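Structure data follow from model_30.cif (mmCIF, C-alpha atoms and all ligand atoms):
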data_coords
#
loop_
_atom_site.label_atom_id
_atom_site.label_comp_id
_atom_site.auth_asym_id
_atom_site.auth_seq_id
_atom_site.Cartn_x
_atom_site.Cartn_y
_atom_site.Cartn_z
CA MET A 10 0.00 0.00 0.00
CA ASN A 11 1.21 3.52 -0.84
CA THR A 12 0.80 5.73 2.25
CA LEU A 13 -0.44 9.21 1.23
CA PHE A 14 1.39 12.03 3.00
CA LEU A 15 -1.05 14.97 3.35
CA GLN A 16 -0.26 18.47 4.65
CA ALA A 17 -2.73 19.56 7.32
CA ASN A 18 -2.97 23.08 5.89
CA ALA A 19 -3.69 21.99 2.27
CA ALA A 20 -7.27 22.91 1.32
CA ASP A 21 -8.32 19.43 0.15
CA THR A 22 -6.74 17.43 3.01
CA PRO A 23 -9.84 17.21 5.28
CA GLN A 24 -12.00 15.95 2.39
CA ILE A 25 -9.42 13.37 1.22
CA ALA A 26 -8.89 12.10 4.78
CA ALA A 27 -12.65 11.99 5.50
CA GLU A 28 -13.29 9.90 2.38
CA ILE A 29 -10.63 7.38 3.40
CA ILE A 30 -12.28 7.13 6.83
CA GLN A 31 -15.73 6.67 5.29
CA ASN A 32 -14.33 3.87 3.12
CA GLY A 33 -13.04 2.03 6.18
CA GLY A 34 -9.39 3.07 5.82
CA LEU A 35 -6.73 4.19 8.32
CA VAL A 36 -5.55 7.80 8.58
CA ALA A 37 -2.94 9.05 11.07
CA ILE A 38 -4.16 12.36 12.46
CA PRO A 39 -2.42 15.18 14.32
CA THR A 40 -3.81 16.17 17.71
CA GLU A 41 -2.48 18.40 20.48
CA THR A 42 -1.48 15.30 22.51
CA VAL A 43 0.12 12.77 20.12
CA TYR A 44 -0.58 11.54 16.57
CA GLY A 45 -3.53 9.13 16.49
CA LEU A 46 -4.19 6.23 14.14
CA GLY A 47 -7.78 6.99 13.16
CA ALA A 48 -10.58 4.93 11.64
CA ASP A 49 -14.39 4.96 11.65
CA GLY A 50 -15.10 4.10 15.29
CA LEU A 51 -18.54 2.72 14.40
CA ASN A 52 -17.20 0.27 11.77
CA PRO A 53 -15.85 -2.94 13.35
CA ASP A 54 -13.88 -3.86 10.21
CA ALA A 55 -12.11 -0.49 10.20
CA VAL A 56 -11.47 -0.76 13.94
CA ALA A 57 -9.96 -4.23 13.44
CA LYS A 58 -7.42 -2.68 11.04
CA ILE A 59 -6.21 -0.33 13.82
CA PHE A 60 -5.50 -3.25 16.15
CA GLN A 61 -3.73 -5.08 13.34
CA ALA A 62 -1.58 -2.13 12.19
CA LYS A 63 -0.45 -1.36 15.75
CA GLY A 64 -0.15 -4.94 16.97
CA ARG A 65 -2.40 -3.77 19.81
CA PRO A 66 -3.72 -6.34 22.32
CA GLN A 67 -7.43 -6.96 21.67
CA ASP A 68 -8.35 -6.20 25.29
CA ASN A 69 -7.09 -2.60 25.06
CA PRO A 70 -10.00 -0.31 24.11
CA LEU A 71 -9.78 2.76 21.86
CA ILE A 72 -10.69 6.40 22.47
CA LEU A 73 -13.55 7.78 20.35
CA HIS A 74 -12.76 11.28 19.08
CA VAL A 75 -15.68 13.62 18.46
CA ALA A 76 -15.85 16.99 16.67
CA GLN A 77 -17.92 18.69 19.37
CA ALA A 78 -18.98 17.98 22.93
CA ASP A 79 -22.72 17.41 22.34
CA GLN A 80 -21.92 14.36 20.15
CA ILE A 81 -21.12 12.32 23.26
CA GLN A 82 -24.87 11.87 23.75
CA LEU A 83 -24.88 9.71 20.61
CA PHE A 84 -22.33 7.30 22.04
CA CYS A 85 -22.72 7.53 25.83
CA ARG A 86 -25.67 7.16 28.23
CA ASP A 87 -26.37 8.12 31.84
CA ILE A 88 -23.97 11.03 31.39
CA PRO A 89 -23.35 12.67 34.76
CA GLU A 90 -23.49 16.43 35.07
CA ALA A 91 -19.75 16.38 35.93
CA ALA A 92 -19.00 15.29 32.35
CA TYR A 93 -20.59 18.44 30.97
CA ARG A 94 -18.65 20.57 33.43
CA LEU A 95 -15.39 18.92 32.37
CA ALA A 96 -16.23 19.35 28.68
CA GLU A 97 -17.04 23.00 29.28
CA ALA A 98 -13.76 23.54 31.13
CA PHE A 99 -11.32 21.47 29.03
CA TRP A 100 -12.73 20.65 25.55
CA PRO A 101 -11.46 20.80 22.96
CA GLY A 102 -8.39 19.63 24.83
CA PRO A 103 -6.25 16.81 26.26
CA LEU A 104 -8.92 15.20 28.46
CA THR A 105 -10.60 11.82 27.84
CA MET A 106 -13.72 10.81 29.78
CA VAL A 107 -14.83 7.21 30.32
CA LEU A 108 -18.65 6.99 30.34
CA PRO A 109 -21.28 4.24 30.02
CA ALA A 110 -21.48 3.25 26.32
CA ARG A 111 -24.52 3.15 24.09
CA ASP A 112 -25.05 0.07 21.90
CA SER A 113 -24.16 2.28 18.89
CA VAL A 114 -20.48 1.84 19.84
CA PRO A 115 -19.20 -1.54 18.55
CA LEU A 116 -17.81 -3.89 21.17
CA SER A 117 -14.48 -4.03 19.33
CA THR A 118 -13.98 -0.25 19.77
CA ARG A 119 -14.43 -0.57 23.54
CA ALA A 120 -12.80 -4.02 23.80
CA GLY A 121 -16.01 -5.53 25.13
CA LEU A 122 -16.34 -3.08 28.04
CA PRO A 123 -19.70 -1.55 29.03
CA SER A 124 -18.01 1.88 28.92
CA VAL A 125 -16.43 3.98 26.18
CA ALA A 126 -13.68 6.62 26.29
CA VAL A 127 -14.48 9.91 24.51
CA ARG A 128 -12.47 13.02 23.70
CA CYS A 129 -12.73 16.19 21.62
CA PRO A 130 -9.20 16.98 20.36
CA ASP A 131 -7.82 20.52 20.18
CA ASN A 132 -6.87 20.40 16.51
CA ALA A 133 -9.08 22.21 14.00
CA VAL A 134 -8.09 20.12 10.96
CA THR A 135 -8.72 16.84 12.79
CA ARG A 136 -12.10 18.07 14.03
CA GLU A 137 -12.94 19.06 10.43
CA ILE A 138 -11.98 15.56 9.23
CA ILE A 139 -14.30 14.04 11.87
CA ARG A 140 -17.11 16.44 10.91
CA LEU A 141 -16.78 15.68 7.17
CA ALA A 142 -16.52 11.92 7.77
CA GLY A 143 -19.77 12.10 9.78
CA VAL A 144 -18.53 9.45 12.23
CA PRO A 145 -16.48 9.54 15.43
CA LEU A 146 -12.84 8.55 14.96
CA ALA A 147 -11.49 5.66 17.00
CA ALA A 148 -7.87 6.68 17.38
CA PRO A 149 -5.21 5.24 19.68
CA SER A 150 -1.71 6.69 19.67
CA ALA A 151 -0.24 5.88 16.25
CA ASN A 152 2.91 4.09 17.51
CA ILE A 153 3.45 0.37 17.12
CA SER A 154 2.16 -1.10 20.40
CA GLY A 155 4.62 -0.85 23.29
CA LYS A 156 6.84 1.71 21.52
CA PRO A 157 7.14 5.40 22.45
CA SER A 158 4.14 7.38 21.20
CA THR A 159 4.24 9.35 17.96
CA THR A 160 4.55 13.13 18.33
CA THR A 161 5.56 13.99 14.75
CA ALA A 162 4.37 12.83 11.32
CA GLU A 163 7.88 11.43 10.75
CA HIS A 164 7.45 9.14 13.79
CA VAL A 165 4.23 7.82 12.22
CA LEU A 166 5.91 7.34 8.83
CA HIS A 167 8.72 5.42 10.57
CA ASP A 168 6.23 3.01 12.22
CA HIS A 169 3.61 2.65 9.45
CA ASP A 170 4.93 3.62 6.00
CA GLY A 171 3.18 1.34 3.50
CA ASN A 172 0.83 -0.05 6.18
CA ILE A 173 -1.81 2.68 6.45
CA ASP A 174 -3.73 4.75 3.90
CA ALA A 175 -2.62 8.26 4.85
CA ILE A 176 -0.80 10.52 7.30
CA VAL A 177 -1.92 14.09 7.91
CA ASP A 178 1.16 16.15 8.81
CA GLY A 179 0.22 18.88 11.28
CA GLY A 180 3.73 19.43 12.67
CA PRO A 181 4.96 18.45 16.15
CA CYS A 182 2.26 17.90 18.80
CA ARG A 183 1.88 20.81 21.23
CA VAL A 184 1.42 18.78 24.45
CA GLY A 185 3.37 15.70 23.43
CA LEU A 186 1.90 13.25 25.98
CA GLU A 187 -1.38 11.33 25.61
CA SER A 188 -4.57 12.71 27.11
CA THR A 189 -5.51 12.66 30.76
CA ILE A 190 -8.14 9.93 31.27
CA VAL A 191 -10.82 10.28 33.94
CA ASP A 192 -13.40 7.56 34.62
CA LEU A 193 -16.89 8.87 35.43
CA THR A 194 -18.72 5.53 35.61
CA GLU A 195 -18.42 5.07 39.38
CA ASP A 196 -19.54 7.05 42.40
CA ARG A 197 -16.25 8.92 42.58
CA PRO A 198 -14.28 10.28 39.57
CA ARG A 199 -11.09 8.29 39.05
CA LEU A 200 -7.86 9.35 37.32
CA LEU A 201 -6.80 6.48 35.05
CA ARG A 202 -3.95 8.24 33.23
CA PRO A 203 -2.33 11.63 33.93
CA GLY A 204 -1.74 13.99 31.00
CA GLY A 205 -1.92 17.60 29.89
CA ILE A 206 -4.94 18.33 32.11
CA THR A 207 -3.51 18.07 35.63
CA PRO A 208 -5.00 16.40 38.73
CA GLU A 209 -5.16 19.86 40.28
CA GLN A 210 -7.25 21.18 37.36
CA LEU A 211 -9.60 18.18 37.57
CA LEU A 212 -10.03 18.60 41.31
CA GLU A 213 -10.97 22.22 40.85
CA VAL A 214 -13.87 21.26 38.56
CA LEU A 215 -14.86 17.94 40.18
CA GLY A 216 -14.18 18.63 43.88
CA ASP A 217 -13.11 14.98 44.24
CA LEU A 218 -10.68 12.61 42.49
CA VAL A 219 -9.38 9.10 43.19
CA VAL A 220 -6.02 8.20 41.61
CA ASP A 221 -6.10 4.68 40.18
CA LYS A 222 -3.31 2.40 41.41
CA ALA A 223 -2.16 1.74 37.84
CA VAL A 224 -1.00 5.39 37.64
CA THR A 225 1.68 5.02 40.27
CA ALA A 226 2.70 1.35 40.33
CA GLN A 227 3.58 -1.54 38.07
CA ILE A 228 0.52 -3.69 37.35
CA ASP A 229 0.63 -7.47 36.80
CA GLN A 230 -0.09 -8.61 33.22
CA ASP A 231 -3.06 -10.68 34.40
CA ALA A 232 -4.51 -8.02 36.71
CA VAL A 233 -7.99 -6.62 36.16
CA VAL A 234 -7.56 -2.86 35.77
CA LYS A 235 -9.88 -0.01 34.89
CA ALA A 236 -7.84 1.19 31.88
CA PRO A 237 -6.56 -2.01 30.27
CA GLY A 238 -3.80 -0.09 28.48
CA MET A 239 -2.13 0.84 31.75
CA LYS A 240 -0.97 -2.69 32.53
CA TYR A 241 1.17 -3.07 29.42
CA ARG A 242 4.85 -2.19 29.23
CA HIS A 243 4.73 1.09 27.41
CA TYR A 244 6.78 3.79 25.80
CA ALA A 245 9.79 1.60 26.20
CA PRO A 246 13.01 1.76 24.19
CA GLN A 247 14.72 -1.58 23.56
CA CYS A 248 17.39 -0.94 26.21
CA GLN A 249 17.04 -0.79 29.99
CA VAL A 250 15.98 2.57 31.42
CA LEU A 251 16.94 3.48 35.00
CA ILE A 252 15.55 6.64 36.60
CA VAL A 253 18.05 8.32 38.91
CA SER A 254 16.34 10.60 41.42
CA GLY A 255 17.89 13.06 43.85
CA SER A 256 19.69 16.39 43.59
CA ARG A 257 21.41 17.40 40.38
CA GLU A 258 24.86 16.89 41.90
CA LYS A 259 24.19 13.56 43.65
CA ALA A 260 22.50 12.14 40.54
CA ALA A 261 25.40 13.21 38.33
CA ALA A 262 27.88 11.60 40.75
CA TYR A 263 25.87 8.34 40.77
CA ILE A 264 25.48 8.23 36.99
CA ARG A 265 29.10 9.14 36.24
CA SER A 266 30.36 6.41 38.56
CA HIS A 267 28.10 3.71 37.02
CA PHE A 268 28.31 4.85 33.38
CA ALA A 269 29.79 2.27 30.97
CA PRO A 270 30.64 2.66 27.27
CA GLY A 271 27.44 2.32 25.21
CA ASP A 272 25.21 3.76 27.95
CA ARG A 273 23.32 7.03 27.50
CA VAL A 274 22.04 9.80 29.79
CA LEU A 275 18.58 11.37 29.34
CA CYS A 276 18.55 14.65 31.22
CA PHE A 277 17.37 18.27 31.35
CA ASP A 278 18.91 21.18 29.38
CA GLU A 279 20.24 22.49 32.69
CA GLU A 280 22.26 19.29 33.29
CA ILE A 281 23.96 18.68 29.93
CA SER A 282 27.28 20.16 31.11
CA LEU A 283 27.42 17.68 34.03
CA TYR A 284 27.61 14.73 31.65
CA ASP A 285 30.58 15.53 29.41
CA GLY A 286 31.77 12.26 27.86
CA CYS A 287 28.51 10.41 28.79
CA ASP A 288 26.65 11.12 25.53
CA PRO A 289 23.84 13.10 27.23
CA LEU A 290 20.52 13.77 25.48
CA SER A 291 18.27 16.53 26.79
CA TYR A 292 14.48 16.30 26.44
CA GLY A 293 13.69 19.85 27.59
CA SER A 294 14.15 22.32 30.40
CA GLU A 295 13.45 21.41 34.02
CA ALA A 296 12.38 25.02 34.51
CA ASP A 297 9.62 24.59 31.89
CA VAL A 298 8.02 21.16 32.34
CA ALA A 299 5.85 21.63 29.23
CA THR A 300 9.05 21.33 27.17
CA LEU A 301 9.77 17.98 28.89
CA CYS A 302 6.27 16.71 27.95
CA ALA A 303 6.77 17.84 24.36
CA GLY A 304 10.26 16.35 24.10
CA LEU A 305 10.00 13.05 25.97
CA PHE A 306 8.73 10.69 23.27
CA SER A 307 11.07 12.02 20.56
CA ALA A 308 13.96 11.44 22.96
CA LEU A 309 12.78 7.92 23.84
CA ARG A 310 12.62 7.17 20.12
CA VAL A 311 16.23 8.32 19.65
CA LEU A 312 17.16 5.97 22.51
CA ASP A 313 15.22 3.06 20.99
CA ASP A 314 18.43 1.47 19.81
CA PRO A 315 19.45 -2.11 20.69
CA SER A 316 23.14 -1.12 20.78
CA ILE A 317 22.55 1.07 23.86
CA GLY A 318 23.21 -0.58 27.24
CA THR A 319 21.49 1.41 29.99
CA VAL A 320 19.78 4.79 29.73
CA TYR A 321 20.16 6.78 32.98
CA ALA A 322 17.17 9.11 33.07
CA ARG A 323 16.36 12.22 35.05
CA CYS A 324 12.71 12.85 35.90
CA PRO A 325 11.07 16.14 36.99
CA VAL A 326 9.57 16.25 40.50
CA GLY A 327 6.33 17.81 41.69
CA GLY A 328 2.71 17.95 40.55
CA GLY A 329 1.02 19.58 37.57
CA VAL A 330 2.13 18.24 34.19
CA ALA A 331 5.31 16.86 35.83
CA TYR A 332 3.00 14.15 37.22
CA ALA A 333 2.31 12.95 33.66
CA VAL A 334 6.01 12.96 32.72
CA GLN A 335 6.76 10.89 35.87
CA ASN A 336 4.07 8.37 34.88
CA ARG A 337 5.38 7.90 31.30
CA LEU A 338 9.04 7.79 32.27
CA LYS A 339 8.40 5.31 35.11
CA LYS A 340 6.55 3.05 32.69
CA ALA A 341 9.39 3.32 30.17
CA ALA A 342 11.72 2.32 33.02
CA ALA A 343 9.39 -0.50 34.17
CA PHE A 344 9.51 1.35 37.53
CA HIS A 345 13.28 0.88 37.95
CA ILE A 346 14.30 3.86 40.09
CA VAL A 347 17.39 4.50 42.17
CA ASP A 348 17.66 7.33 44.70
CA ALA A 349 21.11 8.95 44.39
CA GLU A 350 20.61 10.58 47.81
CA VAL A 351 20.88 7.17 49.48
CA GLU A 352 22.86 5.04 47.00
CA ALA A 353 26.33 5.94 45.82
P1 LIG B 401 -4.11 5.34 23.56
O1 LIG B 401 -5.20 5.38 22.55
O2 LIG B 401 -2.88 4.72 23.10
O3 LIG B 401 -3.94 6.69 24.16
O4 LIG B 401 -4.72 4.43 24.70
C1 LIG B 401 -6.02 4.65 25.15
C2 LIG B 401 -6.09 4.42 26.62
O5 LIG B 401 -7.46 4.61 27.03
C3 LIG B 401 -5.68 3.02 27.04
O6 LIG B 401 -4.92 3.08 28.23
C4 LIG B 401 -7.03 2.36 27.28
O7 LIG B 401 -6.94 1.30 28.18
C5 LIG B 401 -7.87 3.52 27.82
N1 LIG B 401 -9.31 3.31 27.60
C6 LIG B 401 -9.98 3.35 26.43
N2 LIG B 401 -11.28 3.04 26.60
C7 LIG B 401 -11.45 2.82 27.92
C8 LIG B 401 -12.57 2.44 28.73
N3 LIG B 401 -13.77 2.25 28.23
N4 LIG B 401 -12.36 2.28 30.06
C9 LIG B 401 -11.14 2.49 30.60
N5 LIG B 401 -10.03 2.82 29.87
C10 LIG B 401 -10.19 2.98 28.56
MG MG B 402 -0.86 4.45 23.22
#
Using the file provided, produce a representation of the structure as structure tokens.
Amino acid sequence: MNTLFLQANAADTPQIAAEIIQNGGLVAIPTETVYGLGADGLNPDAVAKIFQAKGRPQDNPLILHVAQADQIQLFCRDIPEAAYRLAEAFWPGPLTMVLPARDSVPLSTRAGLPSVAVRCPDNAVTREIIRLAGVPLAAPSANISGKPSTTTAEHVLHDHDGNIDAIVDGGPCRVGLESTIVDLTEDRPRLLRPGGITPEQLLEVLGDLVVDKAVTAQIDQDAVVKAPGMKYRHYAPQCQVLIVSGSREKAAAYIRSHFAPGDRVLCFDEEISLYDGCDPLSYGSEADVATLCAGLFSALRVLDDPSIGTVYARCPVGGGVAYAVQNRLKKAAAFHIVDAEVEA
């Protein structure tokens, strides 16, 4: 298959992409979070192609992307008032809500669950594609399953050239991490995945929030979890990743004393000079955590190289969007963390 490469700002791109979707094809779409691999979310055959192209486990449900908030009534039922408040506050934007599904949503889209995840992305061209297609787009992150997510059209081309119908190039993704997911199907709202909308922002609107255990700890492969995707090893380069926490100086001393030829260091702009001779790679500035979100997956892709031994990684501390960076980096490291304050 010849994969069409479409520019997001070309006048005919939305129409071309929408027709491919209507015909059951696969189109990679830009969003503010990461690139998605989109198909008609109401067409089980099209949805099956997403799972196949990504090598995605069948029990991992997809997010349905809508062009405007009121469309969730077509796909969700028993919608609590909190969902409308969240949509008002954060849509279009990097927030996904899990709600009870209507029968109109095929079981394959929601991996057999009684609920469905919905989101309205903050990307005008992608919303126009959804509007013209006349169907919601099922769209997981466009990476091959288990690999770092796709935050540029080139990442998508690398993973899927010749395997999907088209890629819409909208430039690098603004946020760079997947959406925040909040489950609204139980008595209390539950954070299933941190992202660009922070726990603090959710609390302000909801007044209450439970953090699911899969956000902060490694989950067994056979565990029953609320967001099935959270139990899989994710975002992981082929080499071992070890997070080194602690002060800048202690971490540098630990890493420099353990560093072996072929290892790499993933650090902040502010730390590059501490790692002369250790092949450091910066993913953004510690002083501006948004740059770390935007840079993390590109950096993990650079480090996805079997010839690398260990990647020593530095992780931002604190809440806000740093919480989402911590979650992704800990998953990439399979929760291997060493505290340089206590270990030399
Ligand atoms: P991705 O599309 O790669 O961002 O992954 C989507 C994430 O949403 C995965 O972690 C899924 O497990 C999660 N998800 C999708 N639908 C549901 C649902 N109905 N209930 C809980 N989690 C969901
Ligand atoms: Mg994903």
Give me the residues near Ile281 in chain A as a list in words, where near means some atom within 12 Å (using all atoms listed in the file) and where sequence neighbours in that chain fewer than 3 positions away do not count.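 Everything that qualifies: Arg257, Ala261, Arg273, Val274, Leu275, Cys276, Phe277, Asp278, Tyr284, Asp285, Gly286, Cys287, Asp288, Pro289, Leu290, Ser291, Tyr292, Gly293, Ser294, Glu295 and Arg323 of chain A.
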Produce as a CSV table (one decimal) with C-alpha atoms, keeping the file's coordinate frame the set of residues near ligand MG 402 (chain B), where near means within 10 Å with only C-alpha atoms and all ligand atoms considered.
chain,number,residue,atom,x,y,z
A,43,VAL,CA,0.1,12.8,20.1
A,44,TYR,CA,-0.6,11.5,16.6
A,45,GLY,CA,-3.5,9.1,16.5
A,46,LEU,CA,-4.2,6.2,14.1
A,63,LYS,CA,-0.4,-1.4,15.8
A,65,ARG,CA,-2.4,-3.8,19.8
A,69,ASN,CA,-7.1,-2.6,25.1
A,71,LEU,CA,-9.8,2.8,21.9
A,148,ALA,CA,-7.9,6.7,17.4
A,149,PRO,CA,-5.2,5.2,19.7
A,150,SER,CA,-1.7,6.7,19.7
A,151,ALA,CA,-0.2,5.9,16.2
A,152,ASN,CA,2.9,4.1,17.5
A,153,ILE,CA,3.4,0.4,17.1
A,154,SER,CA,2.2,-1.1,20.4
A,155,GLY,CA,4.6,-0.8,23.3
A,156,LYS,CA,6.8,1.7,21.5
A,157,PRO,CA,7.1,5.4,22.4
A,158,SER,CA,4.1,7.4,21.2
A,159,THR,CA,4.2,9.4,18.0
A,186,LEU,CA,1.9,13.2,26.0
A,187,GLU,CA,-1.4,11.3,25.6
A,188,SER,CA,-4.6,12.7,27.1
A,238,GLY,CA,-3.8,-0.1,28.5
A,239,MET,CA,-2.1,0.8,31.8
A,241,TYR,CA,1.2,-3.1,29.4
A,243,HIS,CA,4.7,1.1,27.4
A,244,TYR,CA,6.8,3.8,25.8
Test item: residues at most 9 Å from Thr207 in chain A, all atoms listed in the file, excluding those fewer than 5 positions along its chain, as a list in words: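 Counting only the stated atoms, we get Thr189, Leu212, Gly328, Gly329, Val330, Ala331, Tyr332 and Ala333 of chain A.
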Counting all atoms listed in the file, what is within 8 Å of range 318-321 of chain A, bar same-chain residues fewer than 6 positions away, as a ChimeraX atom specification? /A:248-253,264,271-275,312
Write out as an mmCIF file with C-alpha atoms, in the coordinates of the input the residues lying within 7 Å of Arg119 in chain A, counting all atoms listed in the file and excluding same-chain residues fewer than 5 positions away.
data_model
loop_
_atom_site.group_PDB
_atom_site.id
_atom_site.type_symbol
_atom_site.label_atom_id
_atom_site.label_comp_id
_atom_site.auth_asym_id
_atom_site.auth_seq_id
_atom_site.Cartn_x
_atom_site.Cartn_y
_atom_site.Cartn_z
ATOM 1 C CA PRO A 70 -10.000 -0.310 24.110
ATOM 2 C CA LEU A 71 -9.780 2.760 21.860
ATOM 3 C CA SER A 124 -18.010 1.880 28.920
ATOM 4 C CA VAL A 125 -16.430 3.980 26.180
#
Å distance separating CA of Ala245 in chain A from CA of Phe306 in chain A, one decimal place: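 About the pair CA of Ala245 in chain A and CA of Phe306 in chain A: they are 9.6 Å apart.
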Which of these, A:His164, A:Lys58, A:Arg128, A:Arg197, has the shortest distance to Gln80 in chain A once you count all atoms listed in the file? A:Arg128
Counting all atoms listed in the file, the residue of A:Ala175, A:Ala260, A:Val191, A:Val134 that sits nearest Ala353 in chain A: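 Among the listed residues, the smallest separation from Ala353 in chain A belongs to A:Ala260.
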Any idea what's packed within 6 Å of Ile72 in chain A, counting all atoms listed in the file, ignoring anything in its chain fewer than 6 positions away? Could you give it as number ranges by chain? A: 126-127, 147-148
Which distance in Å separates atom N2 of ligand LIG 401 (chain B) and CA of Ser113 in chain A, to one decimal? 15.0 Å
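Considering the residues A:Pro203, A:Thr105, A:Ala223, A:Arg310 and counting only C-alpha atoms, His167 in chain A has its shortest atom-to-atom contact with A:Arg310.
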Interatomic distance between CA of Asn18 in chain A and CA of Ile38 in chain A? 12.6 Å
From the options A:Ile176, A:Ile25, A:Ala57, A:Ile346, which residue's atoms come nearest to Thr12 in chain A, counting only C-alpha atoms?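 Under the stated criterion, the closest residue is A:Ile176.
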With all atoms listed in the file as the basis for distance, which of A:Pro208, A:Pro315, A:Pro66, A:Gly143 is at the shortest distance from ligand LIG 401 (chain B)?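 Of the candidates, the smallest distance to ligand LIG 401 (chain B) is held by A:Pro66.
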Using all atoms listed in the file, can you tell me which of A:Ile81, A:Asp221, A:Phe14, A:Val298 comes closest to Glu163 in chain A?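 With all atoms listed in the file as the atom set, the closest residue is A:Phe14.
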Tell me which residues come within 8 Å of (-5.4, 15.4, 14.9), as a list in words, counting all atoms listed in the file in the file's coordinates.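 Residues lying no farther than 8 Å from the given point: Ala37, Ile38, Pro39, Thr40, Glu41, Tyr44, Gly45, Pro130, Asp131, Asn132, Ala133, Val134, Thr135, Arg136, Val177 and Gly179 of chain A.
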Emit the selected residues as a PDB file, keeping the file's coordinate frame, including C-alpha atoms.
ATOM      1  CA  ALA A  37      -2.940   9.050  11.070  1.00  0.00           C
ATOM      2  CA  ILE A  38      -4.160  12.360  12.460  1.00  0.00           C
ATOM      3  CA  PRO A  39      -2.420  15.180  14.320  1.00  0.00           C
ATOM      4  CA  THR A  40      -3.810  16.170  17.710  1.00  0.00           C
ATOM      5  CA  GLU A  41      -2.480  18.400  20.480  1.00  0.00           C
ATOM      6  CA  TYR A  44      -0.580  11.540  16.570  1.00  0.00           C
ATOM      7  CA  GLY A  45      -3.530   9.130  16.490  1.00  0.00           C
ATOM      8  CA  PRO A 130      -9.200  16.980  20.360  1.00  0.00           C
ATOM      9  CA  ASP A 131      -7.820  20.520  20.180  1.00  0.00           C
ATOM     10  CA  ASN A 132      -6.870  20.400  16.510  1.00  0.00           C
ATOM     11  CA  ALA A 133      -9.080  22.210  14.000  1.00  0.00           C
ATOM     12  CA  VAL A 134      -8.090  20.120  10.960  1.00  0.00           C
ATOM     13  CA  THR A 135      -8.720  16.840  12.790  1.00  0.00           C
ATOM     14  CA  ARG A 136     -12.100  18.070  14.030  1.00  0.00           C
ATOM     15  CA  VAL A 177      -1.920  14.090   7.910  1.00  0.00           C
ATOM     16  CA  GLY A 179       0.220  18.880  11.280  1.00  0.00           C
TER      17      GLY A 179
END
